[in-house]
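Shown here: protein-v1.txt, compact mmCIF, C-alpha atoms.
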# COMPACT_ATOMS: atom_id res chain seq x y z
CA MET L 203 0.85 20.13 64.63
CA ALA L 204 -2.42 19.37 62.82
CA GLY L 205 -2.18 18.98 59.05
CA ALA L 206 -4.32 20.59 56.39
CA TYR L 207 -6.73 17.66 56.33
CA GLU L 208 -7.47 18.03 60.02
CA THR L 209 -7.74 21.83 59.97
CA GLY L 210 -9.39 22.24 56.57
CA VAL L 211 -6.90 25.02 55.77
CA TYR L 212 -4.81 24.52 52.64
CA ARG L 213 -1.89 26.62 51.49
CA ASN L 214 -2.42 28.71 48.35
CA ILE L 215 0.69 28.52 46.18
CA PHE L 216 -0.47 31.49 44.10
CA LYS L 217 -0.63 33.72 47.17
CA GLU L 218 2.75 32.44 48.34
CA CYS L 219 4.18 33.47 44.95
CA GLY L 220 2.88 37.01 45.50
CA TYR L 221 -0.27 37.02 43.35
CA SER L 222 -3.04 39.30 44.61
CA GLU L 223 -6.61 38.02 45.01
CA GLU L 224 -7.65 40.19 42.06
CA GLU L 225 -4.89 38.79 39.87
CA ILE L 226 -5.80 35.23 40.81
CA GLU L 227 -9.44 35.92 39.93
CA LYS L 228 -8.62 37.84 36.75
CA ARG L 229 -6.37 35.16 35.33
CA GLY L 230 -8.71 32.36 36.30
CA THR L 231 -5.94 30.58 38.17
CA HIS L 232 -8.08 28.69 40.66
CA LEU L 233 -6.66 25.20 40.78
CA LYS L 234 -8.96 22.23 40.66
CA MET L 235 -8.41 19.41 43.13
CA ASP L 236 -6.77 17.42 40.33
CA ASP L 237 -4.11 20.11 40.02
CA PHE L 238 -3.32 19.81 43.72
CA ARG L 239 -3.02 16.04 43.28
CA ILE L 240 -0.52 16.58 40.46
CA ILE L 241 1.47 19.01 42.61
CA TYR L 242 1.47 16.55 45.48
CA LYS L 243 2.46 13.69 43.16
CA ILE L 244 5.42 15.66 41.75
CA LEU L 245 6.65 16.48 45.24
CA ARG L 246 6.16 12.88 46.41
CA ILE L 247 8.13 11.52 43.41
CA LEU L 248 10.95 13.93 44.22
CA GLN L 249 10.86 12.87 47.87
CA ASN L 250 11.05 9.19 46.92
CA SER L 251 13.97 9.92 44.60
CA MET L 252 16.12 11.25 47.45
CA ASP L 253 17.51 7.72 47.95
CA LEU L 254 18.49 7.39 44.31
CA GLU L 255 21.92 8.22 42.94
CA GLU L 256 20.40 9.56 39.74
CA PHE L 257 16.90 10.97 39.35
CA ASP L 258 14.89 10.08 36.23
CA ARG L 259 13.39 13.44 35.32
CA ASN L 260 11.04 11.70 32.88
CA SER L 261 9.10 10.45 35.93
CA ILE L 262 7.74 14.00 36.42
CA SER L 263 7.47 14.94 32.73
CA ALA L 264 4.28 16.32 31.21
CA GLU L 265 3.76 13.02 29.42
CA ALA L 266 4.23 10.89 32.55
CA LEU L 267 1.74 13.06 34.45
CA GLY L 268 -0.76 13.25 31.59
CA LEU L 269 -0.51 17.04 31.26
CA SER L 270 -0.15 19.42 28.36
CA THR L 271 3.30 21.00 28.15
CA PRO L 272 2.01 24.54 28.91
CA LYS L 273 0.12 23.35 32.01
CA TRP L 274 3.10 21.27 33.18
CA SER L 275 5.39 24.28 32.72
CA ARG L 276 3.09 26.53 34.72
CA ILE L 277 2.83 24.03 37.58
CA MET L 278 6.62 23.53 37.66
CA ILE L 279 7.16 27.31 37.66
CA MET L 280 4.73 27.65 40.59
CA LEU L 281 6.65 24.97 42.50
CA LEU L 282 9.94 26.76 41.77
CA ASP L 283 8.56 30.20 42.69
CA ALA L 284 7.05 28.86 45.91
CA GLY L 285 10.42 27.37 46.86
CA TYR L 286 9.18 23.75 46.92
CA ILE L 287 11.72 22.54 44.34
CA THR L 288 15.11 23.59 42.97
CA GLY L 289 17.13 22.64 39.91
CA ALA L 290 15.20 23.92 36.92
CA GLU L 291 15.68 26.74 34.44
CA THR L 292 12.87 28.91 33.11
CA TRP L 293 12.71 31.22 30.12
CA TYR L 294 10.14 32.97 27.99
CA ASP L 295 9.54 30.94 24.84
CA MET L 296 8.72 33.18 21.91
CA ARG L 297 7.31 30.24 19.93
CA CYS L 298 4.43 29.57 22.31
CA GLY L 299 4.28 32.95 24.05
CA CYS L 300 4.66 31.39 27.49
CA LYS L 301 7.34 30.44 29.99
CA SER L 302 9.09 27.12 29.51
CA VAL L 303 10.97 24.91 31.95
CA MET L 304 14.00 22.65 31.67
CA LEU L 305 14.78 20.31 34.55
CA SER L 306 18.40 19.88 35.61
CA GLY L 307 19.18 18.29 38.95
CA THR L 308 15.67 18.92 40.25
CA GLU L 309 15.32 18.30 43.98
CA LEU L 310 12.77 18.72 46.73
CA THR L 311 13.47 21.50 49.24
CA LEU L 312 12.76 21.57 52.97
CA LYS L 313 9.75 23.76 52.19
CA GLY L 314 8.54 21.08 49.76
CA LEU L 315 8.89 18.43 52.46
CA GLU L 316 6.86 20.60 54.82
CA TYR L 317 4.15 20.97 52.17
CA LEU L 318 3.92 17.18 51.86
CA GLU L 319 3.61 16.80 55.61
CA GLU L 320 1.01 19.55 56.00
CA ASN L 321 -1.25 18.28 53.24
CA SER L 322 -2.09 14.84 54.55
CA LEU L 323 -5.31 14.78 52.51
CA MET L 324 -3.19 14.96 49.40
CA LYS L 325 -1.26 11.91 50.58
CA LYS L 326 -4.44 9.88 50.28
CA ALA L 327 -5.37 11.47 46.96
CA ALA L 328 -1.92 10.89 45.41
CA ASN L 329 -2.07 7.19 46.25
CA MET L 330 -5.26 6.95 44.19
CA ILE L 331 -3.56 8.35 41.07
Could I get this file's structure written as structure tokens?
Amino acid sequence: MAGAYETGVYRNIFKECGYSEEEIEKRGTHLKMDDFRIIYKILRILQNSMDLEEFDRNSISAEALGLSTPKWSRIMIMLLDAGYITGAETWYDMRCGCKSVMLSGTELTLKGLEYLEENSLMKKAANMI
């Protein structure tokens, strides 16, 4: 099976989470290539942690990835909603008016592994980060 790099066709996490084209446009949720690199990097870190007895959740924290907390939360929620990761709780935070995330036993799913395999271009990009 040819990967995304070979075919030029990349999966859209927003569509997979049920967002309509209009909603994606209206909310300005087009991801930049850097955002896809961050997503790939998070998934790759989780894949590499599968051999570890205990996962250091700080390795995928907003600080470790150089992201603001709101952006990190939104990316993690997308990964949860798309079924790429498990082991996190979300809630609406009245203080910031947005959803927040708490990691607890976060793991990569089979769907997340498939995403890593299909996006071979991101493999090269993540190694540059």
Taking 6 positions as the minimum chain separation for residues in the same chain, which residues sit within 10 Å of L:Leu315 when counting only C-alpha atoms? Answer as a PyMOL selection string.
chain L and resi 245-246+248-249+286-287
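We find atom CA of L:Met296 and atom CA of L:Arg276 to be spaced 15.5 Å apart.
Each of L:Asn214, L:Ala290, L:Leu282, L:Tyr317 was compared to L:Arg259 using all atoms listed in the file, and L:Ala290 turns out to be the nearest.
All residues of protein, DNA or RNA that reach within 10 Å of L:Glu218, judged by all atoms listed in the file and not counting those fewer than 2 positions away in the chain, are L:Arg213, L:Asn214, L:Ile215, L:Phe216, L:Gly220, L:Tyr221, L:Ser222, L:Met280, L:Asp283, L:Ala284, L:Gly285.
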Could those residues be written to a file, using C-alpha atoms, as a PDB file, in the coordinates of the input?
ATOM      1  CA  ARG L 213      -1.890  26.620  51.490  1.00  0.00           C
ATOM      2  CA  ASN L 214      -2.420  28.710  48.350  1.00  0.00           C
ATOM      3  CA  ILE L 215       0.690  28.520  46.180  1.00  0.00           C
ATOM      4  CA  PHE L 216      -0.470  31.490  44.100  1.00  0.00           C
ATOM      5  CA  GLY L 220       2.880  37.010  45.500  1.00  0.00           C
ATOM      6  CA  TYR L 221      -0.270  37.020  43.350  1.00  0.00           C
ATOM      7  CA  SER L 222      -3.040  39.300  44.610  1.00  0.00           C
ATOM      8  CA  MET L 280       4.730  27.650  40.590  1.00  0.00           C
ATOM      9  CA  ASP L 283       8.560  30.200  42.690  1.00  0.00           C
ATOM     10  CA  ALA L 284       7.050  28.860  45.910  1.00  0.00           C
ATOM     11  CA  GLY L 285      10.420  27.370  46.860  1.00  0.00           C
TER      12      GLY L 285
END
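Distance check against L:Met304 using all atoms listed in the file: of L:Met278, L:Val211, L:Ile240, L:Leu254, the minimum falls on L:Met278.
You can rank L:Thr288, L:Ile279, L:Cys219, L:Leu269 by their closest distance to L:Ser306 using only C-alpha atoms, and at the top of that list sits L:Thr288.
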The distance between atom CA of L:Leu318 and atom CA of L:Val303 is 22.5 Å
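Here the question is which of L:Leu281, L:Arg239, L:Leu305, L:Lys273 gets nearest to L:Ser261 using all atoms listed in the file, and that residue is L:Leu305.
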Report the centre and edge lengths, in Å to one decimal, of an axis-aligned box enclosing every atom of stretch 314-321 of chain L listed in the file, padded by 8 Å on each side, as AutoDock Vina command-line options.
--center_x 3.8 --center_y 18.9 --center_z 52.9 --size_x 26.1 --size_y 20.3 --size_z 22.2
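The two atoms in question, atom CA of L:Ala264 and atom CA of L:Glu223, are spaced 27.9 Å apart.
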